[in-house]
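Data block for my_file_2.csv (CSV, C-alpha atoms):
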chain,number,residue,atom,x,y,z
Y,165,MET,CA,1.5,68.5,-54.2
Y,166,ARG,CA,4.9,67.0,-53.9
Y,167,ARG,CA,5.7,64.6,-51.1
Y,168,THR,CA,8.0,67.2,-49.5
Y,169,ARG,CA,5.1,69.7,-49.4
Y,170,LEU,CA,2.9,67.1,-47.8
Y,171,ARG,CA,5.5,66.5,-45.2
Y,172,GLN,CA,5.9,70.3,-44.6
Y,173,LEU,CA,2.2,70.4,-43.9
Y,174,GLY,CA,2.6,67.6,-41.4
Y,175,TYR,CA,1.2,64.8,-43.4
Y,176,ALA,CA,2.9,61.4,-43.5
Y,177,CYS,CA,2.3,59.1,-46.4
Y,178,GLY,CA,3.0,56.0,-44.4
Y,179,MET,CA,6.3,55.2,-46.1
Y,180,SER,CA,9.1,54.8,-43.7
Y,181,ASN,CA,12.8,54.3,-43.7
Y,182,ASP,CA,12.2,51.6,-41.1
Y,183,SER,CA,13.3,48.4,-42.7
Y,184,ARG,CA,11.5,46.1,-40.2
Y,185,ARG,CA,8.7,44.0,-41.6
Y,186,PRO,CA,5.2,44.5,-40.2
Y,187,THR,CA,4.0,41.8,-37.9
Y,188,SER,CA,1.1,39.7,-38.9
Y,189,ASP,CA,-1.4,42.0,-37.2
Y,190,GLU,CA,0.1,45.2,-38.7
Y,191,PRO,CA,-1.5,46.0,-42.1
Y,192,LEU,CA,0.8,47.3,-44.7
Y,193,THR,CA,0.4,51.0,-45.7
Y,194,PRO,CA,-1.4,51.7,-48.9
Y,195,CYS,CA,1.2,54.2,-49.8
Y,196,THR,CA,2.9,53.5,-53.1
Y,197,GLY,CA,5.4,56.4,-52.9
Y,198,ILE,CA,3.5,58.5,-55.5
Y,199,CYS,CA,2.5,61.3,-53.1
Y,200,ARG,CA,0.7,63.8,-55.2
Y,201,MET,CA,-2.9,65.0,-54.9
Y,202,ASP,CA,-5.2,65.1,-57.9
Y,203,ALA,CA,-7.9,67.6,-58.7
Y,204,THR,CA,-10.4,65.6,-56.7
Y,205,GLY,CA,-8.3,65.7,-53.5
Y,206,LEU,CA,-7.2,62.1,-53.7
Y,207,CYS,CA,-3.6,61.0,-53.7
Y,208,LEU,CA,-2.5,59.7,-57.1
Y,209,GLY,CA,-0.8,56.7,-55.5
Y,210,CYS,CA,-2.9,55.4,-52.6
Y,211,ARG,CA,-6.2,57.2,-53.3
Y,212,ARG,CA,-6.4,58.6,-49.8
Y,213,THR,CA,-7.5,62.1,-48.9
Y,214,LEU,CA,-5.1,64.4,-47.0
Y,215,ALA,CA,-7.3,63.9,-43.9
Y,216,GLU,CA,-6.9,60.1,-44.3
Y,217,ILE,CA,-3.2,60.4,-44.8
Y,218,ALA,CA,-2.8,62.6,-41.7
Y,219,ARG,CA,-5.0,60.2,-39.6
Y,220,TRP,CA,-3.3,57.0,-40.8
Y,221,GLY,CA,-0.6,57.0,-38.0
Y,222,THR,CA,-3.2,57.1,-35.3
Y,223,MET,CA,-5.7,54.6,-36.8
Y,224,SER,CA,-6.1,51.2,-35.1
Y,225,ASN,CA,-5.0,48.2,-37.1
Y,226,ASP,CA,-8.6,47.2,-37.5
Y,227,ASP,CA,-9.5,50.6,-39.0
Y,228,ARG,CA,-6.5,50.3,-41.3
Y,229,ARG,CA,-7.5,46.9,-42.5
Y,230,HIS,CA,-11.1,48.1,-43.1
Y,231,TRP,CA,-9.8,51.1,-45.1
Y,232,ILE,CA,-7.5,48.8,-47.2
Y,233,ALA,CA,-10.2,46.2,-47.8
Y,234,GLU,CA,-13.3,48.3,-48.2
Y,235,VAL,CA,-12.6,52.0,-48.8
Y,236,GLN,CA,-9.6,52.0,-51.1
Y,237,PRO,CA,-11.1,49.6,-53.6
Y,238,SER,CA,-14.2,51.8,-53.8
Y,239,ARG,CA,-12.2,54.8,-54.9
Y,240,PRO,CA,-12.1,55.8,-58.5
Y,241,PRO,CA,-8.8,55.0,-60.3
Y,242,ALA,CA,-6.3,57.7,-60.8
Y,243,ARG,CA,-6.4,59.6,-64.0
Y,244,SER,CA,-3.1,60.1,-65.9

Any chance you could put this one into structure tokens?
Amino acid sequence: MRRTRLRQLGYACGMSNDSRRPTSDEPLTPCTGICRMDATGLCLGCRRTLAEIARWGTMSNDDRRHWIAEVQPSRPPARS
């Protein structure tokens, strides 16, 4: 799906036009700006599912850090 379609469905990739830098306790978003889902249901850029993308904005910083450190590295790489 294209990013615009994801946004129409109510999903936010985590990218923002907000130019402020995250504070030291705010983890960066895993979003790479390549917001398309592959056949396995994972985003080609960040390797999150639609449910994870939708939930990202409400996750605690600890949960975000855990996802970035533990979950994302365990995901299979995107296939071209």

* Point-to-point distance in Å for CA of Leu208 (chain Y) and CA of Ala242 (chain Y) ->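 Distance reported for this atom pair: 5.7 Å.
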
* **Minimum-distance residue to Pro194 (chain Y), chosen among Y:Arg243, Y:Ile232, Y:Ser238, Y:Thr222 (using only C-alpha atoms)** =>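 Between Y:Arg243, Y:Ile232, Y:Ser238, Y:Thr222, the residue approaching Pro194 (chain Y) most closely is Y:Ile232.
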
* Asked: Just how far from CA of Gly209 (chain Y) is CA of Gly197 (chain Y), in Å to one decimal?
  -> 6.7 Å

* Asked: Using all atoms listed in the file, which of Y:Arg219, Y:Arg228, Y:Pro237, Y:Arg211 sits nearest Thr193 (chain Y)?
  -> Y:Arg228

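CA of Arg239 (chain Y) lies 18.0 Å from CA of Ala218 (chain Y).
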